[in-house]
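Student: One file is attached below, upload_35.txt, containing compact mmCIF, C-alpha atoms and all ligand atoms.
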# COMPACT_ATOMS: atom_id res chain seq x y z
CA MET A 294 -76.23 -34.83 43.22
CA THR A 295 -76.69 -33.40 39.75
CA GLU A 296 -77.55 -35.55 36.73
CA GLU A 297 -74.10 -34.76 35.37
CA LEU A 298 -72.34 -36.16 38.44
CA LEU A 299 -74.56 -39.25 38.48
CA LYS A 300 -73.64 -39.92 34.85
CA ILE A 301 -69.92 -39.68 35.66
CA GLN A 302 -70.43 -41.93 38.68
CA LYS A 303 -72.17 -44.56 36.54
CA ASP A 304 -69.41 -44.43 33.94
CA LEU A 305 -66.69 -44.84 36.58
CA SER A 306 -68.57 -47.74 38.18
CA LYS A 307 -68.05 -49.60 34.90
CA LYS A 308 -64.44 -48.54 34.30
CA LEU A 309 -62.86 -48.83 37.75
CA LYS A 310 -62.28 -52.03 39.67
CA LYS A 311 -64.76 -52.56 42.51
CA GLU A 312 -62.35 -51.56 45.30
CA ARG A 313 -61.14 -48.49 43.44
CA PHE A 314 -64.72 -47.42 42.79
CA GLU A 315 -65.64 -47.82 46.46
CA HIS A 316 -62.56 -45.77 47.42
CA THR A 317 -63.66 -43.12 44.92
CA ILE A 318 -67.12 -42.84 46.46
CA GLY A 319 -65.51 -42.68 49.92
CA VAL A 320 -63.29 -39.80 48.78
CA MET A 321 -66.24 -38.01 47.19
CA TYR A 322 -68.34 -37.99 50.38
CA THR A 323 -65.37 -37.34 52.68
CA ALA A 324 -64.49 -34.34 50.50
CA ALA A 325 -68.10 -33.15 50.80
CA SER A 326 -67.91 -33.32 54.62
CA LEU A 327 -64.65 -31.41 54.66
CA ALA A 328 -66.15 -28.82 52.31
CA MET A 329 -69.05 -28.31 54.74
CA CYS A 330 -66.59 -27.85 57.57
CA CYS A 331 -64.22 -25.52 55.69
CA GLY A 332 -66.70 -23.37 53.77
CA GLU A 333 -65.71 -24.78 50.38
CA ASP A 334 -68.08 -25.27 47.43
CA LEU A 335 -69.86 -28.60 47.93
CA SER A 336 -70.37 -29.36 44.28
CA LYS A 337 -66.70 -28.75 43.43
CA ALA A 338 -65.62 -31.04 46.28
CA LEU A 339 -67.96 -33.83 45.12
CA THR A 340 -66.81 -33.52 41.50
CA ALA A 341 -63.09 -33.46 42.31
CA GLY A 342 -63.49 -36.37 44.74
CA LEU A 343 -65.36 -38.42 42.17
CA LEU A 344 -62.80 -37.83 39.44
CA HIS A 345 -59.53 -37.78 41.40
CA ASP A 346 -58.51 -41.36 40.44
CA CYS A 347 -60.35 -41.63 37.09
CA ALA A 348 -57.07 -42.40 35.27
CA LYS A 349 -56.75 -45.55 37.38
CA ALA A 350 -59.19 -47.09 34.92
CA TYR A 351 -55.99 -47.80 32.97
CA PRO A 352 -52.94 -49.84 33.97
CA VAL A 353 -49.70 -47.85 34.36
CA LYS A 354 -48.30 -48.88 30.96
CA GLU A 355 -51.46 -47.68 29.30
CA GLN A 356 -51.33 -44.44 31.34
CA ILE A 357 -47.85 -43.74 29.94
CA LYS A 358 -49.04 -44.47 26.39
CA LEU A 359 -52.02 -42.15 26.82
CA CYS A 360 -49.76 -39.36 28.09
CA LYS A 361 -47.64 -39.71 24.95
CA LYS A 362 -50.73 -39.78 22.74
CA TYR A 363 -52.19 -36.62 24.32
CA GLY A 364 -48.89 -34.76 24.53
CA ILE A 365 -48.83 -34.72 28.33
CA GLY A 366 -45.20 -34.21 29.32
CA LEU A 367 -43.91 -36.45 32.08
CA THR A 368 -41.11 -35.40 34.42
CA GLU A 369 -38.15 -37.64 35.18
CA SER A 370 -39.62 -38.08 38.62
CA GLU A 371 -42.90 -39.34 37.16
CA LEU A 372 -41.16 -41.84 34.89
CA GLU A 373 -39.20 -43.10 37.87
CA MET A 374 -42.34 -43.21 40.06
CA PRO A 375 -45.18 -44.10 37.68
CA ALA A 376 -47.67 -44.26 40.58
CA LEU A 377 -47.73 -40.45 40.30
CA ILE A 378 -48.84 -40.31 36.65
CA HIS A 379 -52.56 -40.96 37.22
CA ALA A 380 -52.96 -37.57 38.89
CA LYS A 381 -51.87 -35.51 35.88
CA LEU A 382 -53.56 -37.82 33.36
CA GLY A 383 -56.72 -37.80 35.52
CA ALA A 384 -56.96 -34.02 35.26
CA TYR A 385 -56.57 -34.26 31.49
CA LEU A 386 -59.33 -36.91 31.25
CA ALA A 387 -61.58 -34.92 33.60
CA ARG A 388 -61.42 -32.07 31.09
CA SER A 389 -61.52 -33.99 27.83
CA GLU A 390 -63.78 -36.94 28.64
CA TYR A 391 -65.88 -35.65 31.51
CA LYS A 392 -66.11 -32.04 30.31
CA ILE A 393 -64.97 -30.41 33.55
CA LYS A 394 -63.85 -26.86 32.83
CA ASP A 395 -63.37 -25.56 36.37
CA GLY A 396 -59.65 -24.97 36.93
CA ASP A 397 -59.95 -25.39 40.72
CA ILE A 398 -61.35 -28.90 40.27
CA LEU A 399 -58.70 -29.81 37.69
CA ASP A 400 -55.91 -28.56 39.99
CA ALA A 401 -57.31 -30.58 42.90
CA VAL A 402 -57.08 -33.72 40.73
CA THR A 403 -53.58 -32.81 39.47
CA TYR A 404 -52.12 -32.33 42.97
CA HIS A 405 -54.02 -35.01 44.89
CA THR A 406 -51.08 -37.45 45.11
CA THR A 407 -48.11 -35.24 46.02
CA GLY A 408 -49.80 -32.09 47.24
CA ARG A 409 -47.85 -28.85 46.75
CA PRO A 410 -46.86 -25.82 48.81
CA GLY A 411 -49.60 -23.20 49.14
CA MET A 412 -52.54 -25.40 48.15
CA THR A 413 -56.04 -23.98 47.70
CA MET A 414 -58.70 -25.14 50.16
CA LEU A 415 -60.14 -27.51 47.54
CA GLU A 416 -56.70 -29.02 46.85
CA LYS A 417 -56.16 -29.63 50.57
CA ILE A 418 -59.62 -31.19 50.88
CA ILE A 419 -59.02 -33.73 48.09
CA TYR A 420 -55.45 -34.45 49.25
CA ILE A 421 -56.73 -35.32 52.72
CA ALA A 422 -60.00 -37.01 51.73
CA ASP A 423 -57.92 -39.42 49.64
CA TYR A 424 -55.93 -40.33 52.75
CA ILE A 425 -58.69 -40.59 55.36
CA GLU A 426 -61.78 -41.88 53.51
CA PRO A 427 -63.49 -44.66 55.50
CA ASN A 428 -62.45 -47.54 53.19
CA ARG A 429 -58.71 -46.85 53.63
CA ARG A 430 -57.13 -49.61 55.65
CA MET A 431 -55.65 -48.47 58.94
CA ILE A 432 -52.06 -47.29 58.66
CA PRO A 433 -49.85 -45.66 61.30
CA GLY A 434 -50.78 -42.01 61.69
CA LEU A 435 -54.18 -42.26 59.99
CA GLN A 436 -56.16 -41.87 63.21
CA GLU A 437 -54.24 -38.71 64.08
CA VAL A 438 -55.07 -37.17 60.69
CA ARG A 439 -58.76 -38.03 61.18
CA ASP A 440 -58.68 -36.52 64.69
CA THR A 441 -57.03 -33.33 63.47
CA VAL A 442 -58.52 -32.45 60.11
CA PHE A 443 -61.83 -30.94 61.17
CA ARG A 444 -60.01 -28.62 63.60
CA ASP A 445 -56.79 -27.79 61.74
CA ILE A 446 -56.61 -28.73 58.08
CA ASP A 447 -53.06 -27.40 57.55
CA ARG A 448 -51.74 -29.55 60.36
CA ALA A 449 -53.59 -32.52 58.87
CA VAL A 450 -51.90 -31.88 55.48
CA CYS A 451 -48.53 -31.84 57.23
CA LEU A 452 -49.30 -35.15 58.95
CA CYS A 453 -50.42 -36.78 55.66
CA ALA A 454 -47.25 -35.69 53.88
CA GLN A 455 -45.12 -36.86 56.80
CA GLY A 456 -46.91 -40.22 56.84
CA THR A 457 -46.44 -40.68 53.09
CA ILE A 458 -42.72 -39.81 53.28
CA ARG A 459 -42.23 -42.21 56.18
CA PHE A 460 -44.11 -45.01 54.40
CA LEU A 461 -42.18 -44.55 51.14
CA SER A 462 -38.80 -44.34 52.89
CA GLU A 463 -39.52 -47.51 54.85
CA SER A 464 -40.47 -49.31 51.62
CA GLY A 465 -37.25 -48.07 49.99
CA LYS A 466 -39.13 -46.03 47.38
CA PRO A 467 -38.02 -42.64 46.08
CA VAL A 468 -39.96 -39.62 47.34
CA ASP A 469 -41.06 -37.00 44.84
CA PRO A 470 -39.69 -33.48 45.52
CA ALA A 471 -43.28 -32.18 45.49
CA THR A 472 -44.18 -34.49 48.37
CA VAL A 473 -41.20 -33.18 50.36
CA GLY A 474 -42.16 -29.61 49.39
CA THR A 475 -45.66 -30.15 50.73
CA TYR A 476 -44.31 -31.42 54.04
CA GLU A 477 -41.77 -28.60 54.43
CA TYR A 478 -44.36 -25.91 53.65
CA TYR A 479 -47.08 -27.20 56.00
CA LYS A 480 -44.63 -27.95 58.78
CA GLU A 481 -43.92 -24.22 58.97
CA LYS A 482 -47.61 -23.24 59.11
O1 LIG B 1 -54.38 -43.23 44.08
P1 LIG B 1 -54.47 -43.64 45.52
O2 LIG B 1 -53.96 -45.04 45.74
O3 LIG B 1 -55.83 -43.45 46.09
O4 LIG B 1 -53.53 -42.67 46.37
P2 LIG B 1 -52.46 -41.57 45.89
O5 LIG B 1 -52.88 -40.94 44.63
O6 LIG B 1 -52.23 -40.66 47.05
O7 LIG B 1 -51.11 -42.37 45.72
C1 LIG B 1 -50.89 -43.29 44.73
C2 LIG B 1 -49.60 -43.99 44.99
O8 LIG B 1 -48.51 -43.10 44.85
C3 LIG B 1 -49.48 -44.58 46.39
O9 LIG B 1 -49.03 -45.93 46.27
C4 LIG B 1 -48.41 -43.78 47.08
C5 LIG B 1 -47.61 -43.27 45.93
N1 LIG B 1 -46.91 -42.01 46.17
C6 LIG B 1 -47.40 -40.87 46.70
N2 LIG B 1 -46.45 -39.94 46.79
C7 LIG B 1 -45.34 -40.51 46.30
C8 LIG B 1 -45.63 -41.83 45.90
N3 LIG B 1 -44.73 -42.69 45.36
C9 LIG B 1 -43.48 -42.26 45.23
N4 LIG B 1 -42.56 -43.09 44.74
N5 LIG B 1 -43.10 -41.00 45.60
C10 LIG B 1 -43.98 -40.07 46.14
O10 LIG B 1 -43.61 -38.95 46.47
FE FE B 2 -54.68 -41.25 43.45
FE FE B 3 -57.34 -42.06 45.61
Turn this file's structure into structure tokens for me.
Tutor:
Amino acid sequence: MTEELLKIQKDLSKKLKKERFEHTIGVMYTAASLAMCCGEDLSKALTAGLLHDCAKAYPVKEQIKLCKKYGIGLTESELEMPALIHAKLGAYLARSEYKIKDGDILDAVTYHTTGRPGMTMLEKIIYIADYIEPNRRMIPGLQEVRDTVFRDIDRAVCLCAQGTIRFLSESGKPVDPATVGTYEYYKEK
């Protein structure tokens, strides 16, 4: 890893809770493996994986305050489902605090929670790495995503989105239209 990435890793090790930091490292290396498999840039995958949850250094209330302070507009959906906010804020912090200028990396952070139709390879890699990294506790459907992803990444995206929608519906939580859009798009592929 580059000095730059090691510096970011050290900073996040201080700012994130232990479990969140371990998840972050799991996502970073899982993203690297997927990048090797899918012909994606290794360094971009490591960087996006490392930073994807950087905004989780702050509690949700603080995340909302920071969005106001930095002029980051929140949708009605995001105010209703504040668990989504860290993705957008994370991309902002990646640029401003961690000096990441690469738009592909910033987009992968922005869309890591909901996904979106027509994702780039890097976006798909971070979306899935977040779901399957080794520290994630076993949930229904996880094994199938792990079995599928190195053969058919689009199918794996569809299964992740389906699993998320099922989980949220069962917990009585609203589902963001972007999450549904991701599922619909990848179901057709
Ligand atoms: O940040 P992580 O915990 O690693 O994972 P994540 O960014 O995929 O998801 C963060 C949380 O957001 C998780 O509890 C699931 C939730 N979430 C994902 N999509 C939706 C959602 N919550 C709602 N209400 N609606 C969604 O569409
Ligand atoms: Fe996240
Ligand atoms: Fe995550």
Student: Restricting the calculation to only C-alpha atoms and all ligand atoms: of A:Lys354, A:Lys337, A:Lys392, A:His345, which residue gets closest to ligand LIG 1 (chain B)?
Tutor: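 Using only C-alpha atoms and all ligand atoms, the shortest distance to ligand LIG 1 (chain B) belongs to A:His345.
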Student: Provide the atom CA of Pro467 of chain A to atom CA of Tyr351 of chain A distance in Å, to one decimal place.
Tutor: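 Computing it gives 22.8 Å between the two atoms.
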Student: Excluding Ile425 of chain A and residues on its chain fewer than 5 positions from it, collect all residues at most 12 Å away from it, counting only C-alpha atoms, and give them as a VMD selection string.
Tutor: chain A and resid 316 to 317 319 to 324 326 to 327 418 to 420 430 to 443 449 to 450 452 to 453 456
Student: What gap, in Å, lies between atom C9 of ligand LIG 1 (chain B) and atom CA of Ala350 of chain A?
Tutor: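 Between atom C9 of ligand LIG 1 (chain B) and atom CA of Ala350 of chain A the gap works out to 19.4 Å.
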Student: Could you check which of A:Asp395, A:Asp469, A:Glu355, A:Glu312 is closest to ligand LIG 1 (chain B), using only C-alpha atoms and all ligand atoms?
Tutor: A:Asp469
Student: Neighbours of ligand LIG 1 (chain B) within 7 Å, counting only C-alpha atoms and all ligand atoms, as a list in words?
Tutor: Asp346, Met374, Ala376, Leu377, Ala380, His405, Thr406, Thr407, Asp423, Tyr424, Thr457, Ile458, Leu461, Lys466, Pro467, Val468, Asp469, Pro470, Ala471 and Thr472 of chain A
Student: Emit the selected residues as an mmCIF file, in the frame of the given file, including C-alpha atoms.
Tutor:
data_model
loop_
_atom_site.group_PDB
_atom_site.id
_atom_site.type_symbol
_atom_site.label_atom_id
_atom_site.label_comp_id
_atom_site.auth_asym_id
_atom_site.auth_seq_id
_atom_site.Cartn_x
_atom_site.Cartn_y
_atom_site.Cartn_z
ATOM 1 C CA ASP A 346 -58.510 -41.360 40.440
ATOM 2 C CA MET A 374 -42.340 -43.210 40.060
ATOM 3 C CA ALA A 376 -47.670 -44.260 40.580
ATOM 4 C CA LEU A 377 -47.730 -40.450 40.300
ATOM 5 C CA ALA A 380 -52.960 -37.570 38.890
ATOM 6 C CA HIS A 405 -54.020 -35.010 44.890
ATOM 7 C CA THR A 406 -51.080 -37.450 45.110
ATOM 8 C CA THR A 407 -48.110 -35.240 46.020
ATOM 9 C CA ASP A 423 -57.920 -39.420 49.640
ATOM 10 C CA TYR A 424 -55.930 -40.330 52.750
ATOM 11 C CA THR A 457 -46.440 -40.680 53.090
ATOM 12 C CA ILE A 458 -42.720 -39.810 53.280
ATOM 13 C CA LEU A 461 -42.180 -44.550 51.140
ATOM 14 C CA LYS A 466 -39.130 -46.030 47.380
ATOM 15 C CA PRO A 467 -38.020 -42.640 46.080
ATOM 16 C CA VAL A 468 -39.960 -39.620 47.340
ATOM 17 C CA ASP A 469 -41.060 -37.000 44.840
ATOM 18 C CA PRO A 470 -39.690 -33.480 45.520
ATOM 19 C CA ALA A 471 -43.280 -32.180 45.490
ATOM 20 C CA THR A 472 -44.180 -34.490 48.370
#
Student: Of the candidates A:Glu297, A:Glu369, A:Glu315, A:Asp447, which one gets nearest to Glu481 of chain A if we count all atoms listed in the file?
Tutor: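 Result for the nearest residue to Glu481 of chain A: A:Asp447.
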Student: Write only N, CA, C and O atoms for segment 417-449 of chain A from the block just shown, as a short mmCIF file (atom, residue, chain, number, x, y, z; two decimals), in the first residue's frame.
Tutor:
data_model
loop_
_atom_site.label_atom_id
_atom_site.label_comp_id
_atom_site.auth_asym_id
_atom_site.auth_seq_id
_atom_site.Cartn_x
_atom_site.Cartn_y
_atom_site.Cartn_z
N LYS A 417 -19.80 -1.27 -8.33
CA LYS A 417 -20.32 -2.62 -8.03
C LYS A 417 -19.40 -3.32 -7.03
O LYS A 417 -19.87 -3.99 -6.11
N ILE A 418 -18.10 -3.16 -7.23
CA ILE A 418 -17.12 -3.82 -6.35
C ILE A 418 -17.29 -3.35 -4.90
O ILE A 418 -17.32 -4.17 -3.97
N ILE A 419 -17.43 -2.07 -4.68
CA ILE A 419 -17.55 -1.55 -3.30
C ILE A 419 -18.92 -1.92 -2.72
O ILE A 419 -19.03 -2.31 -1.55
N TYR A 420 -19.95 -1.84 -3.55
CA TYR A 420 -21.30 -2.21 -3.10
C TYR A 420 -21.31 -3.65 -2.59
O TYR A 420 -21.86 -3.95 -1.53
N ILE A 421 -20.66 -4.54 -3.32
CA ILE A 421 -20.66 -5.95 -2.93
C ILE A 421 -19.66 -6.26 -1.82
O ILE A 421 -19.95 -7.01 -0.90
N ALA A 422 -18.49 -5.65 -1.88
CA ALA A 422 -17.47 -5.90 -0.84
C ALA A 422 -18.03 -5.53 0.53
O ALA A 422 -17.77 -6.22 1.52
N ASP A 423 -18.82 -4.47 0.57
CA ASP A 423 -19.45 -4.03 1.82
C ASP A 423 -20.36 -5.12 2.39
O ASP A 423 -20.47 -5.30 3.59
N TYR A 424 -20.99 -5.85 1.50
CA TYR A 424 -21.97 -6.87 1.89
C TYR A 424 -21.29 -8.19 2.27
O TYR A 424 -21.73 -8.87 3.20
N ILE A 425 -20.23 -8.54 1.58
CA ILE A 425 -19.67 -9.91 1.75
C ILE A 425 -18.38 -9.98 2.55
O ILE A 425 -17.84 -11.06 2.75
N GLU A 426 -17.81 -8.85 2.97
CA GLU A 426 -16.48 -8.92 3.63
C GLU A 426 -16.53 -9.92 4.79
O GLU A 426 -17.60 -10.10 5.40
N PRO A 427 -15.41 -10.55 5.09
CA PRO A 427 -15.40 -11.70 6.01
C PRO A 427 -15.95 -11.42 7.41
O PRO A 427 -16.42 -12.35 8.07
N ASN A 428 -15.88 -10.18 7.89
CA ASN A 428 -16.36 -9.89 9.25
C ASN A 428 -17.88 -9.75 9.35
O ASN A 428 -18.42 -9.67 10.45
N ARG A 429 -18.57 -9.66 8.20
CA ARG A 429 -20.04 -9.54 8.23
C ARG A 429 -20.64 -10.79 8.86
O ARG A 429 -20.28 -11.91 8.47
N ARG A 430 -21.56 -10.59 9.79
CA ARG A 430 -22.17 -11.78 10.37
C ARG A 430 -23.10 -12.42 9.33
O ARG A 430 -23.64 -11.73 8.45
N MET A 431 -23.26 -13.72 9.45
CA MET A 431 -24.01 -14.47 8.43
C MET A 431 -25.47 -14.03 8.42
O MET A 431 -26.11 -13.97 9.46
N ILE A 432 -25.97 -13.68 7.27
CA ILE A 432 -27.38 -13.34 7.10
C ILE A 432 -27.91 -14.18 5.94
O ILE A 432 -27.11 -14.65 5.12
N PRO A 433 -29.25 -14.37 5.89
CA PRO A 433 -29.78 -15.18 4.79
C PRO A 433 -29.36 -14.58 3.44
O PRO A 433 -29.42 -13.37 3.26
N GLY A 434 -28.90 -15.43 2.55
CA GLY A 434 -28.55 -14.96 1.21
C GLY A 434 -27.08 -14.58 1.05
O GLY A 434 -26.59 -14.45 -0.07
N LEU A 435 -26.38 -14.39 2.17
CA LEU A 435 -24.98 -13.95 2.06
C LEU A 435 -24.11 -14.99 1.36
O LEU A 435 -23.30 -14.66 0.48
N GLN A 436 -24.30 -16.27 1.71
CA GLN A 436 -23.47 -17.32 1.11
C GLN A 436 -23.67 -17.35 -0.41
O GLN A 436 -22.70 -17.52 -1.16
N GLU A 437 -24.90 -17.13 -0.84
CA GLU A 437 -25.17 -17.17 -2.29
C GLU A 437 -24.44 -16.03 -3.01
O GLU A 437 -23.93 -16.22 -4.11
N VAL A 438 -24.41 -14.86 -2.37
CA VAL A 438 -23.69 -13.73 -2.99
C VAL A 438 -22.20 -14.08 -3.08
O VAL A 438 -21.55 -13.88 -4.12
N ARG A 439 -21.65 -14.64 -2.00
CA ARG A 439 -20.22 -15.01 -2.01
C ARG A 439 -19.93 -16.06 -3.08
O ARG A 439 -18.89 -16.02 -3.74
N ASP A 440 -20.86 -17.02 -3.25
CA ASP A 440 -20.68 -18.07 -4.26
C ASP A 440 -20.73 -17.51 -5.67
O ASP A 440 -20.12 -18.06 -6.59
N THR A 441 -21.47 -16.45 -5.86
CA THR A 441 -21.79 -15.95 -7.20
C THR A 441 -20.81 -14.90 -7.71
O THR A 441 -20.49 -14.84 -8.89
N VAL A 442 -20.32 -14.05 -6.79
CA VAL A 442 -19.73 -12.79 -7.22
C VAL A 442 -18.50 -12.94 -8.12
O VAL A 442 -18.33 -12.15 -9.06
N PHE A 443 -17.68 -13.95 -7.87
CA PHE A 443 -16.47 -14.06 -8.70
C PHE A 443 -16.77 -14.65 -10.09
O PHE A 443 -15.91 -14.67 -10.95
N ARG A 444 -17.99 -15.12 -10.29
CA ARG A 444 -18.39 -15.62 -11.61
C ARG A 444 -19.28 -14.62 -12.34
O ARG A 444 -19.21 -14.48 -13.55
N ASP A 445 -20.18 -13.96 -11.59
CA ASP A 445 -21.20 -13.11 -12.23
C ASP A 445 -21.53 -11.94 -11.31
O ASP A 445 -22.43 -12.02 -10.47
N ILE A 446 -20.79 -10.86 -11.47
CA ILE A 446 -20.92 -9.74 -10.52
C ILE A 446 -22.29 -9.05 -10.62
O ILE A 446 -22.83 -8.61 -9.61
N ASP A 447 -22.88 -9.00 -11.82
CA ASP A 447 -24.19 -8.36 -11.94
C ASP A 447 -25.28 -9.14 -11.20
O ASP A 447 -26.15 -8.56 -10.56
N ARG A 448 -25.18 -10.45 -11.29
CA ARG A 448 -26.13 -11.29 -10.55
C ARG A 448 -25.93 -11.11 -9.05
O ARG A 448 -26.90 -11.05 -8.29
N ALA A 449 -24.68 -10.98 -8.63
CA ALA A 449 -24.39 -10.77 -7.21
C ALA A 449 -24.97 -9.43 -6.73
O ALA A 449 -25.51 -9.34 -5.63
#
